[in-house]
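With mmCIF, C-alpha atoms inside, this is model_38.cif:
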data_query
loop_
_atom_site.label_atom_id
_atom_site.label_comp_id
_atom_site.auth_asym_id
_atom_site.auth_seq_id
_atom_site.Cartn_x
_atom_site.Cartn_y
_atom_site.Cartn_z
CA MET R 1 0.00 0.00 0.00
CA LYS R 2 2.82 2.41 0.90
CA LEU R 3 4.55 1.60 -2.37
CA PHE R 4 1.33 2.45 -4.23
CA GLN R 5 0.97 5.72 -2.32
CA ARG R 6 4.54 6.71 -3.19
CA PHE R 7 3.99 5.80 -6.84
CA LEU R 8 0.80 7.89 -6.92
CA MET R 9 2.60 10.86 -5.36
CA PHE R 10 5.48 10.51 -7.82
CA CYS R 11 3.06 10.48 -10.80
CA LEU R 12 1.23 13.52 -9.50
CA CYS R 13 4.49 15.38 -8.93
CA ILE R 14 5.32 14.92 -12.59
CA VAL R 15 1.83 15.95 -13.68
CA SER R 16 1.79 18.92 -11.32
CA SER R 17 4.97 20.33 -12.84
CA CYS R 18 2.92 20.68 -16.04
CA VAL R 19 0.02 22.15 -14.07
CA PHE R 20 2.23 24.88 -12.58
CA ALA R 21 3.36 25.74 -16.09
CA ASP R 22 -0.30 26.52 -16.62
CA ALA R 23 -1.65 27.61 -19.96
CA TYR R 24 -3.51 30.90 -19.69
CA CYS R 25 -6.81 31.84 -21.26
CA SER R 26 -8.27 28.37 -21.13
CA LEU R 27 -11.94 27.51 -21.33
CA ARG R 28 -13.63 26.83 -17.98
CA ASP R 29 -14.94 23.44 -19.11
CA PRO R 30 -13.57 22.77 -22.60
CA VAL R 31 -15.49 19.59 -23.46
CA ALA R 32 -18.93 21.07 -22.76
CA GLN R 33 -18.20 24.57 -24.11
CA ILE R 34 -16.74 23.36 -27.40
CA LYS R 35 -19.76 21.10 -27.89
CA GLN R 36 -22.01 24.16 -27.64
CA LEU R 37 -20.09 26.00 -30.34
CA TYR R 38 -19.60 22.92 -32.53
CA PRO R 39 -22.55 20.56 -31.90
CA ASN R 40 -21.21 18.07 -34.48
CA LYS R 41 -17.86 17.63 -32.81
CA THR R 42 -16.99 14.16 -31.62
CA ASN R 43 -13.62 14.91 -30.07
CA GLN R 44 -11.16 17.75 -29.67
CA LEU R 45 -7.50 18.62 -29.63
CA SER R 46 -5.79 21.23 -27.52
CA ILE R 47 -2.52 22.70 -28.71
CA VAL R 48 -0.50 24.64 -26.13
CA LYS R 49 2.09 27.06 -27.52
CA GLU R 50 4.31 29.78 -26.13
CA ILE R 51 3.59 33.41 -27.02
CA ASP R 52 6.86 35.20 -26.53
CA ASN R 53 8.38 38.62 -27.14
CA ARG R 54 8.92 37.87 -30.83
CA ALA R 55 5.15 37.42 -31.22
CA ARG R 56 4.63 40.62 -29.26
CA ILE R 57 6.87 42.53 -31.68
CA GLN R 58 4.96 41.07 -34.63
CA VAL R 59 1.67 42.19 -33.10
CA GLN R 60 3.10 45.69 -32.63
CA ALA R 61 4.23 45.70 -36.28
CA GLU R 62 0.90 44.46 -37.69
CA LEU R 63 -1.22 46.52 -35.31
CA PRO R 64 0.68 49.75 -34.55
CA ASN R 65 -0.11 51.38 -31.17
CA ASN R 66 -1.23 48.01 -29.80
CA ASP R 67 0.55 45.86 -27.25
CA LEU R 68 -0.03 42.58 -25.44
CA HIS R 69 -0.84 42.56 -21.73
CA PHE R 70 1.72 40.51 -19.76
CA GLY R 71 -0.98 37.90 -19.16
CA GLU R 72 -1.16 37.44 -22.91
CA LEU R 73 2.42 36.22 -23.01
CA GLY R 74 3.38 32.73 -21.93
CA ARG R 75 1.66 29.45 -22.68
CA HIS R 76 -1.75 29.60 -24.34
CA THR R 77 -4.18 26.98 -25.59
CA LEU R 78 -5.91 26.69 -28.95
CA TYR R 79 -8.68 24.09 -29.10
CA VAL R 80 -9.53 22.26 -32.31
CA ALA R 81 -13.09 20.88 -32.58
CA MET R 82 -12.92 17.57 -34.47
CA ASN R 83 -15.47 15.31 -36.12
CA ASN R 84 -13.44 12.12 -35.94
CA ASP R 85 -10.38 12.95 -38.11
CA GLU R 86 -11.79 16.13 -39.63
CA ALA R 87 -11.10 19.53 -38.05
CA LEU R 88 -14.33 21.57 -37.82
CA GLY R 89 -12.80 24.77 -36.53
CA TYR R 90 -10.80 26.38 -33.75
CA ILE R 91 -11.62 27.93 -30.39
CA HIS R 92 -9.41 30.39 -28.62
CA VAL R 93 -9.96 32.48 -25.49
CA ARG R 94 -8.16 35.81 -25.38
CA SER R 95 -8.14 38.68 -22.88
CA GLU R 96 -8.13 42.35 -23.72
CA GLN R 97 -7.45 45.18 -21.31
CA SER R 98 -10.32 47.58 -20.75
CA GLN R 99 -11.36 50.24 -18.26
CA TRP R 100 -13.36 47.50 -16.47
CA GLY R 101 -10.38 45.18 -16.12
CA LEU R 102 -9.61 42.28 -18.44
CA VAL R 103 -12.37 41.21 -20.83
CA GLU R 104 -12.11 37.51 -21.78
CA ILE R 105 -13.71 36.55 -25.07
CA ILE R 106 -14.23 33.05 -26.49
CA TRP R 107 -13.64 33.14 -30.23
CA ALA R 108 -14.77 30.43 -32.65
CA ILE R 109 -12.69 30.52 -35.84
CA ASP R 110 -13.06 28.56 -39.07
CA LYS R 111 -10.22 26.83 -40.93
CA ASN R 112 -9.68 29.93 -43.09
CA TYR R 113 -9.10 32.05 -39.97
CA ARG R 114 -12.47 33.81 -40.09
CA ILE R 115 -14.60 34.52 -37.03
CA THR R 116 -17.66 32.26 -36.84
CA ASN R 117 -18.94 33.22 -33.38
CA PHE R 118 -17.89 34.78 -30.08
CA ALA R 119 -19.05 35.16 -26.50
CA PHE R 120 -17.82 36.75 -23.28
CA GLN R 121 -16.19 34.51 -20.73
CA ARG R 122 -15.57 37.44 -18.38
CA CYS R 123 -16.72 41.02 -18.83
CA ARG R 124 -17.42 43.56 -16.09
CA SER R 125 -18.64 46.24 -18.47
CA PRO R 126 -22.20 47.42 -17.77
CA LYS R 127 -22.66 47.42 -21.56
CA LYS R 128 -22.02 43.72 -22.04
CA LYS R 129 -25.52 43.20 -23.50
CA LEU R 130 -23.98 44.56 -26.68
CA LEU R 131 -23.47 40.92 -27.63
CA ASN R 132 -27.24 40.45 -27.84
CA ASN R 133 -27.14 42.89 -30.74
CA GLN R 134 -26.99 40.54 -33.73
CA ALA R 135 -26.29 43.42 -36.14
CA PHE R 136 -23.11 44.15 -34.17
CA LYS R 137 -22.10 40.47 -34.07
CA ASN R 138 -22.65 40.16 -37.80
CA MET R 139 -19.98 42.81 -38.33
CA PHE R 140 -17.45 40.20 -37.13
CA ILE R 141 -18.89 36.89 -38.30
CA GLY R 142 -17.33 35.61 -41.51
CA LYS R 143 -14.56 38.23 -41.40
CA ASP R 144 -10.83 37.54 -41.47
CA PHE R 145 -7.97 39.67 -40.12
CA THR R 146 -7.69 41.91 -43.19
CA GLN R 147 -11.42 42.57 -43.33
CA LEU R 148 -11.66 43.33 -39.61
CA LYS R 149 -8.66 45.64 -39.79
CA GLN R 150 -10.71 47.90 -42.05
CA TYR R 151 -12.85 48.75 -39.00
CA LEU R 152 -9.82 50.35 -37.26
CA SER R 153 -9.51 54.12 -37.08
CA GLU R 154 -6.29 55.86 -37.98
CA ASP R 155 -5.15 55.75 -34.35
CA GLY R 156 -4.98 51.94 -34.62
CA VAL R 157 -6.80 51.25 -31.34
CA THR R 158 -10.37 52.47 -31.77
CA ALA R 159 -13.13 51.39 -34.13
CA ASN R 160 -14.19 53.61 -37.01
CA LYS R 161 -17.67 54.95 -37.70
CA VAL R 162 -18.71 51.88 -39.67
CA LEU R 163 -18.46 49.60 -36.62
CA ILE R 164 -19.46 52.19 -34.00
CA ALA R 165 -22.68 52.78 -35.93
CA LYS R 166 -23.72 49.28 -34.83
CA ALA R 167 -22.67 49.87 -31.21
CA VAL R 168 -23.82 53.41 -30.50
CA SER R 169 -24.50 52.74 -26.82
CA ALA R 170 -21.18 50.98 -26.15
CA PRO R 171 -18.36 52.38 -28.29
CA GLU R 172 -15.64 51.61 -25.69
CA LEU R 173 -16.63 47.96 -25.52
CA ALA R 174 -16.79 47.76 -29.31
CA ASN R 175 -13.17 48.99 -29.41
CA VAL R 176 -12.14 46.29 -26.94
CA ILE R 177 -13.88 43.53 -28.92
CA LEU R 178 -12.33 44.70 -32.17
CA ARG R 179 -8.78 44.81 -30.74
CA CYS R 180 -9.30 41.38 -29.19
CA ALA R 181 -10.58 39.90 -32.48
CA LEU R 182 -7.64 41.29 -34.44
CA LYS R 183 -5.04 40.01 -31.96
CA THR R 184 -6.76 36.61 -31.76
CA LEU R 185 -6.76 36.07 -35.53
CA LEU R 186 -3.24 37.38 -35.90
CA LEU R 187 -1.79 35.27 -33.09
CA THR R 188 -3.72 32.15 -34.08
CA LYS R 189 -2.13 32.28 -37.52
CA LEU R 190 1.32 33.34 -36.32
CA ILE R 191 1.66 30.82 -33.52
CA TRP R 192 -0.48 27.82 -34.43
CA HIS R 193 -0.53 27.83 -38.26
CA ASN R 194 2.13 25.11 -38.69
CA ASP R 195 0.41 22.77 -36.24
CA LEU R 196 -3.02 23.40 -37.76
CA HIS R 197 -1.72 22.99 -41.32
CA SER R 198 -0.46 19.51 -40.49
CA LEU R 199 -3.82 18.28 -39.14
CA MET I 1 3.23 18.75 10.55
CA PHE I 2 6.49 19.84 12.23
CA ASN I 3 7.22 18.38 15.65
CA SER I 4 10.60 19.89 16.47
CA PRO I 5 12.43 23.13 15.64
CA ASN I 6 14.63 21.42 13.04
CA ASP I 7 12.04 19.31 11.23
CA GLN I 8 12.12 19.09 7.47
CA LYS I 9 9.44 17.73 5.22
CA PHE I 10 8.81 17.76 1.50
CA ILE I 11 5.17 18.76 1.04
CA ILE I 12 3.17 18.34 -2.11
CA ARG I 13 0.72 21.20 -2.53
CA GLU I 14 -1.84 21.20 -5.34
CA ALA I 15 -1.24 18.01 -7.36
CA HIS I 16 -4.26 16.55 -9.09
CA ILE I 17 -5.59 15.23 -12.36
CA ASN I 18 -9.03 16.27 -13.61
CA TYR I 19 -10.38 13.81 -16.19
CA THR I 20 -12.74 15.85 -18.40
CA ALA I 21 -13.54 13.54 -21.34
CA THR I 22 -16.90 12.63 -19.81
CA GLY I 23 -19.28 14.27 -22.26
CA ASN I 24 -21.84 17.01 -21.72
CA THR I 25 -23.62 15.85 -18.62
CA LEU I 26 -21.48 13.35 -16.74
CA PRO I 27 -19.13 14.88 -14.18
CA ASN I 28 -15.39 15.28 -14.53
CA ILE I 29 -13.34 13.19 -12.11
CA ARG I 30 -10.56 14.75 -10.04
CA LEU I 31 -7.95 12.67 -8.26
CA GLY I 32 -5.07 13.86 -6.09
CA HIS I 33 -4.24 16.54 -3.52
CA PHE I 34 -6.56 19.50 -3.95
CA THR I 35 -8.19 22.40 -2.11
CA LEU I 36 -11.41 21.42 -0.34
CA PRO I 37 -14.36 22.74 -2.36
CA PHE I 38 -15.96 25.06 0.18
CA GLY I 39 -16.75 28.76 0.16
CA LEU I 40 -14.96 31.56 -1.65
CA GLU I 41 -11.69 29.66 -1.86
CA ASN I 42 -13.31 27.25 -4.34
CA SER I 43 -13.58 29.95 -6.97
CA LEU I 44 -10.66 32.20 -5.94
CA ASP I 45 -7.36 30.38 -5.77
CA THR I 46 -5.21 31.92 -3.02
CA ASN I 47 -2.61 29.17 -2.77
CA GLY I 48 0.79 30.54 -1.82
CA ARG I 49 -0.48 34.10 -1.40
CA LEU I 50 -1.04 36.34 1.60
CA LEU I 51 -4.68 36.89 0.64
CA ASP I 52 -6.56 33.99 2.17
CA TYR I 53 -10.09 32.83 3.00
CA ASN I 54 -9.15 30.91 6.14
CA HIS I 55 -9.82 27.39 4.93
CA GLY I 56 -7.24 25.91 7.28
CA ALA I 57 -8.71 27.54 10.38
CA ASN I 58 -12.31 26.81 9.43
CA LEU I 59 -12.12 23.31 8.04
CA GLY I 60 -9.01 21.97 9.77
CA THR I 61 -7.05 21.80 6.53
CA LYS I 62 -6.96 23.64 3.22
CA LEU I 63 -5.89 20.71 1.05
CA ASP I 64 -6.46 16.99 1.29
CA TRP I 65 -5.91 13.83 -0.76
CA GLY I 66 -8.93 12.22 -2.34
CA ILE I 67 -11.32 11.97 -5.24
CA GLY I 68 -13.90 14.44 -6.47
CA LEU I 69 -16.58 15.00 -9.07
CA ASN I 70 -17.06 18.36 -10.76
CA LYS I 71 -18.81 19.92 -13.74
CA VAL I 72 -19.47 23.33 -15.26
CA HIS I 73 -22.96 23.55 -16.77
CA ASN I 74 -24.56 26.43 -18.64
CA ARG I 75 -25.85 28.17 -15.53
CA PHE I 76 -24.12 26.55 -12.57
CA LYS I 77 -21.16 24.47 -11.53
CA TYR I 78 -20.59 21.97 -8.76
CA THR I 79 -17.75 20.17 -7.02
CA VAL I 80 -18.07 17.34 -4.52
CA SER I 81 -15.15 15.51 -2.96
CA TYR I 82 -14.37 12.63 -0.68
CA THR I 83 -10.96 12.98 0.93
CA LEU I 84 -8.96 10.92 3.38
CA GLY I 85 -8.28 13.50 6.07
CA GLY I 86 -4.53 12.91 6.00
CA LYS I 87 -3.96 16.57 4.99
CA ASP I 88 -0.56 16.48 3.24
CA ASP I 89 -0.30 12.68 3.27
CA PRO I 90 -2.48 10.35 1.18
CA LYS I 91 -3.76 8.29 4.10
CA GLN I 92 -6.48 8.10 6.71
CA VAL I 93 -5.58 8.93 10.30
CA ALA I 94 -7.72 7.32 13.01
CA GLY I 95 -10.76 6.99 10.77
CA SER I 96 -10.48 10.47 9.32
CA HIS I 97 -12.51 11.36 6.23
CA LEU I 98 -14.12 14.47 4.77
CA ILE I 99 -17.04 14.99 2.43
CA THR I 100 -17.07 18.51 1.04
CA GLY I 101 -18.99 20.19 -1.74
CA ARG I 102 -20.05 23.45 -3.29
CA VAL I 103 -22.57 24.42 -5.94
CA SER I 104 -22.48 27.91 -7.39
CA THR I 105 -23.43 30.11 -10.30
CA LEU I 106 -20.72 30.68 -12.91
CA GLU I 107 -17.63 32.66 -12.01
CA HIS I 108 -17.53 34.95 -15.03
CA ASN I 109 -20.80 36.58 -13.95
CA ASP I 110 -20.91 39.85 -12.01
CA PHE I 111 -22.94 38.26 -9.24
CA ILE I 112 -21.95 34.83 -8.00
CA ILE I 113 -23.65 32.89 -5.25
CA GLY I 114 -22.48 29.58 -3.85
CA ALA I 115 -23.62 27.10 -1.21
CA SER I 116 -21.23 24.69 0.49
CA PHE I 117 -21.22 21.81 2.94
CA TYR I 118 -18.53 20.02 4.88
CA HIS I 119 -18.88 16.93 7.00
CA GLY I 120 -16.30 14.58 8.44
CA LYS I 121 -13.68 13.69 10.96
CA LEU I 122 -10.27 15.28 11.08
CA ASP I 123 -7.67 15.32 13.88
CA ASN I 124 -10.07 13.16 15.91
CA ILE I 125 -12.67 15.94 15.78
CA ASN I 126 -16.02 15.50 14.05
CA ARG I 127 -17.12 18.66 12.29
CA GLU I 128 -20.00 19.81 10.13
CA ARG I 129 -20.37 23.13 8.44
CA TYR I 130 -22.77 24.74 5.98
CA GLY I 131 -21.94 27.93 4.17
CA ILE I 132 -23.10 30.48 1.68
CA ASP I 133 -20.82 32.80 -0.28
CA LEU I 134 -21.44 35.82 -2.47
CA GLN I 135 -19.37 37.82 -4.92
CA TYR I 136 -20.46 41.01 -6.62
CA TYR I 137 -18.31 42.91 -9.09
CA LEU I 138 -18.99 46.40 -10.32
CA ALA I 139 -16.39 47.54 -12.83
CA ASN I 140 -13.08 47.17 -10.95
CA TRP I 141 -14.65 46.91 -7.49
CA GLY I 142 -15.50 43.63 -5.83
CA VAL I 143 -17.56 42.84 -2.72
CA LEU I 144 -17.22 39.33 -1.33
CA ALA I 145 -18.86 37.64 1.61
CA GLU I 146 -18.83 34.21 3.18
CA LEU I 147 -21.05 33.06 6.02
CA SER I 148 -20.84 29.60 7.53
CA LYS I 149 -22.28 27.88 10.56
CA GLY I 150 -21.70 24.49 12.04
CA ASN I 151 -20.64 22.37 14.95
CA LYS I 152 -17.60 20.50 16.08
CA TYR I 153 -17.72 17.68 18.59
CA SER I 154 -15.10 17.20 21.25
CA GLU I 155 -13.71 13.75 22.16
CA ASN I 156 -16.44 13.32 24.78
CA ASN I 157 -19.01 14.23 22.08
CA LEU I 158 -19.68 17.70 23.45
CA LYS I 159 -21.27 19.84 20.75
CA ILE I 160 -19.62 23.22 20.16
CA ASN I 161 -21.33 25.80 17.92
CA GLN I 162 -19.14 27.69 15.49
CA SER I 163 -19.76 30.40 12.94
CA TYR I 164 -17.62 32.39 10.56
CA THR I 165 -18.34 35.59 8.67
CA LEU I 166 -16.03 37.25 6.16
CA ILE I 167 -16.68 40.45 4.27
CA GLU I 168 -14.18 41.74 1.73
CA LEU I 169 -14.01 44.86 -0.37
CA ASN I 170 -11.41 44.94 -3.13
CA ARG I 171 -10.39 46.98 -6.12
CA GLU I 172 -8.18 46.01 -9.04
CA SER I 173 -6.44 48.35 -11.41
CA PHE I 174 -7.74 48.25 -14.99
CA ASN I 175 -4.73 46.20 -16.11
CA THR I 176 -5.08 43.88 -13.06
CA GLN I 177 -1.52 44.61 -11.89
CA TRP I 178 -2.62 46.20 -8.61
CA LYS I 179 -5.12 44.86 -6.16
CA LEU I 180 -6.19 46.48 -2.90
CA TYR I 181 -8.32 44.56 -0.46
CA SER I 182 -9.69 44.80 3.04
CA GLN I 183 -11.45 42.12 5.06
CA LEU I 184 -13.44 41.93 8.27
CA ILE I 185 -13.61 38.45 9.78
CA VAL I 186 -15.89 37.52 12.67
CA ASN I 187 -15.42 34.13 14.32
CA LYS I 188 -17.71 32.68 16.96
CA ASP I 189 -16.66 29.61 18.90
CA LYS I 190 -18.66 28.42 21.92
CA GLY I 191 -20.39 31.81 21.92
CA LEU I 192 -17.08 33.69 22.18
CA THR I 193 -16.48 36.25 19.47
CA SER I 194 -13.25 37.39 17.87
CA LYS I 195 -13.02 40.01 15.15
CA THR I 196 -10.10 40.55 12.79
CA ALA I 197 -9.56 43.32 10.28
CA LEU I 198 -6.94 43.27 7.56
CA PHE I 199 -5.76 45.37 4.69
CA GLY I 200 -3.58 44.19 1.84
CA ILE I 201 -2.06 45.27 -1.42
CA ARG I 202 -0.74 43.09 -4.24
CA TYR I 203 1.36 44.07 -7.21
CA GLN I 204 1.93 41.70 -10.11
CA ALA I 205 4.85 42.84 -12.22
CA ASN I 206 4.48 40.17 -14.90
CA ASN I 207 3.57 36.49 -15.20
CA ASN I 208 6.42 35.55 -12.87
CA PHE I 209 6.84 38.17 -10.14
CA GLU I 210 4.29 39.20 -7.57
CA ALA I 211 4.75 41.26 -4.39
CA SER I 212 2.24 41.59 -1.55
CA LEU I 213 1.93 43.49 1.73
CA GLN I 214 -0.67 42.72 4.36
CA PHE I 215 -1.53 44.20 7.75
CA LYS I 216 -3.78 42.19 10.03
CA LYS I 217 -5.10 43.19 13.44
CA LYS I 218 -7.36 41.46 15.93
CA ILE I 219 -9.83 44.09 17.01
CA THR I 220 -11.95 42.01 19.39
CA VAL I 221 -10.73 38.99 21.27
CA PRO I 222 -12.50 36.75 23.78
CA PHE I 223 -11.62 37.40 27.44
CA GLU I 224 -8.56 39.63 27.76
CA GLY I 225 -6.36 38.08 25.10
CA ASN I 226 -3.82 40.00 23.08
CA LYS I 227 -5.11 42.19 20.28
CA THR I 228 -2.20 41.08 18.13
CA SER I 229 -1.10 42.73 14.93
CA LEU I 230 0.73 41.06 12.09
CA PHE I 231 2.49 42.74 9.19
CA ARG I 232 3.62 40.47 6.36
CA VAL I 233 5.54 41.01 3.13
CA GLN I 234 5.79 38.46 0.35
CA ILE I 235 7.62 38.27 -2.96
CA ARG I 236 6.65 35.36 -5.21
CA TYR I 237 8.32 34.00 -8.30
CA ARG I 238 6.24 31.61 -10.37
CA TYR I 239 7.69 29.82 -13.37
#
The structure given in the file should be rewritten as structure tokens.
Amino acid sequence: MKLFQRFLMFCLCIVSSCVFADAYCSLRDPVAQIKQLYPNKTNQLSIVKEIDNRARIQVQAELPNNDLHFGELGRHTLYVAMNNDEALGYIHVRSEQSQWGLVEIIWAIDKNYRITNFAFQRCRSPKKKLLNNQAFKNMFIGKDFTQLKQYLSEDGVTANKVLIAKAVSAPELANVILRCALKTLLLTKLIWHNDLHSL
Amino acid sequence: MFNSPNDQKFIIREAHINYTATGNTLPNIRLGHFTLPFGLENSLDTNGRLLDYNHGANLGTKLDWGIGLNKVHNRFKYTVSYTLGGKDDPKQVAGSHLITGRVSTLEHNDFIIGASFYHGKLDNINRERYGIDLQYYLANWGVLAELSKGNKYSENNLKINQSYTLIELNRESFNTQWKLYSQLIVNKDKGLTSKTALFGIRYQANNNFEASLQFKKKITVPFEGNKTSLFRVQIRYRY
């Protein structure tokens, strides 16, 4: 019995070293949440990759005046919803700094790196009901990085009139969602493309 | 844990596996050494930090070895565990065992309410406790509360009433680097009341470094005990 207890403790020590090197921005309950976004999925993959300073510099180059919060660096998870051997799409949770603290958004992305859906995982903004506005959501759905970038104003951090027109009551939150979408699509392609290409 | 001034012991803290490939409705299965699912601590991990929700003092231990079931549903989540009562060792001690659980609304909401129970034998003391906890967030402010009541039974089966109340007010900076918090804790044991107030500040420089200061003072003590004060400083490096 003692030998078994020591073996169990040894195994958990090894596992826990991975746990301490925790991946940030993970889904609260991946199996159930991915099933909601991809009802046809039978299984899933999770790919954990490091987002380092090189990625940060690339984000700054592609999206001038933008930066990554320190919590956005480190190990992050991209989930792949699968129907047996076929990839249905990707899910990534990303945080964006706002005046109400960090806003965490769950992004569903298709295999061509276009947004298919999104939802808040954490948002303290009093205007969070903006996501019930389908006209606003439709501004993102089906769009890729280049198309979404056209919503950026010249300052590179706020949304232009085209997007704000759909979010008149919550322009600050619309800015946060736009920045988050752009960084998510950019980083997904930069960091995970090779792994996803080989699926 | 330590019996003499020069004791040494290697202690495993959080070390558990959560098996999640159980589909949409069946619970996940957790196995290992984990924090007892009770009260605020179940949704706010304070391991290794100065900020604390007094699990050890209330429940007899913060972590224990065992097995648990847990699941996050669309509108609520739950965690139930059976643990051995060996605290840092995966074994039973004189028939020790603990059954602990909490059900709550989801943690990304602005208002979170949870209900917890705890029942078992630890350190030769039978205890039972029932609790309710609340969290409300408004922009960068947070108000937290935990109330629990229960009994412990002495070796000659004498029933002792206990209750615990914690109220916390906190504020985080918009980039979450700074956190200020204050707590008022009221403990009742055998009808005797003690009150503790504390104030803390935490600064997280990046994913690795974190510094905290905390000042704690007992403002009411039973009988004529010392109204002790404690000032603590902590620097953490996490890799």
- Can you tell me, as JSON, numbers by chain, what residues are no more than 6 Å from Gly32 of chain I when counting only C-alpha atoms, ignoring any on the same chain fewer than 2 positions away? {"I": [15, 16, 65, 66]}
Could you list, as a compact mmCIF listing (two decimals) with C-alpha atoms, keeping the file's coordinate frame, the residues of chain I having an atom within 6 Å of chain R when counting only C-alpha atoms?
# COMPACT_ATOMS: atom_id res chain seq x y z
CA ALA I 15 -1.24 18.01 -7.36
CA ASN I 24 -21.84 17.01 -21.72
CA VAL I 72 -19.47 23.33 -15.26
CA HIS I 108 -17.53 34.95 -15.03
CA ALA I 139 -16.39 47.54 -12.83
CA ASN I 140 -13.08 47.17 -10.95
CA PHE I 174 -7.74 48.25 -14.99
CA ASN I 175 -4.73 46.20 -16.11
CA ASN I 206 4.48 40.17 -14.90
- Residues picked by the PyMOL selection byres ((chain I and resi 133) around 8) here, as a ChimeraX atom specification? /I:39-40,113-115,131-132,134-135,144-147
- Message: Give me the residues near segment 178-191 of chain R as a ChimeraX atom specification, where near means some atom within 9 Å (using all atoms listed in the file) and where sequence neighbours in that chain fewer than 2 positions away do not count.
- Response: /R:49-51,55,58-59,62-63,66,68,78,92-97,103-105,107,109,113-115,140,144-146,148-149,151-152,156-159,173-176,193-196
- Calculate how many Å separate atom CA of Gly95 of chain I from atom CA of Lys9 of chain I, rounding to one decimal. 23.5 Å
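In terms of minimum interatomic distance to Asn126 of chain I, I:Gly60 ranks closest within I:Asp45, I:Leu69, I:Gly60, I:Tyr78, counting only C-alpha atoms.
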- atom CA of Tyr38 of chain R and atom CA of Phe118 of chain R, how far apart in Å?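 Separation of atom CA of Phe118 of chain R and atom CA of Tyr38 of chain R: 12.2 Å.
Between atom CA of Arg13 of chain I and atom CA of Asp88 of chain I there is a distance of 7.6 Å.
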Specify the axis-aligned box that encloses all atoms of segment 36-54 of chain I listed in the file after padding of 6 Å on each side, stating its centre and edge lengths in Å to one decimal as lines of an AutoDock Vina configuration file.
center_x = -8.0
center_y = 29.2
center_z = -0.4
size_x = 29.5
size_y = 27.5
size_z = 25.1
- Task: Could you check which of I:Trp178, I:Lys227, I:Ile160, I:Phe199 is closest to Ala211 of chain I, using all atoms listed in the file?
- Result: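 Using all atoms listed in the file, Ala211 of chain I sits closest to I:Trp178.
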- Task: Quick one: residues within 10 Å of (-27.1, 26.3, -15.9) (file frame), counting all atoms listed in the file, please, as an MDAnalysis selection string.
- Result: chainID I and resid 72:77 104:106
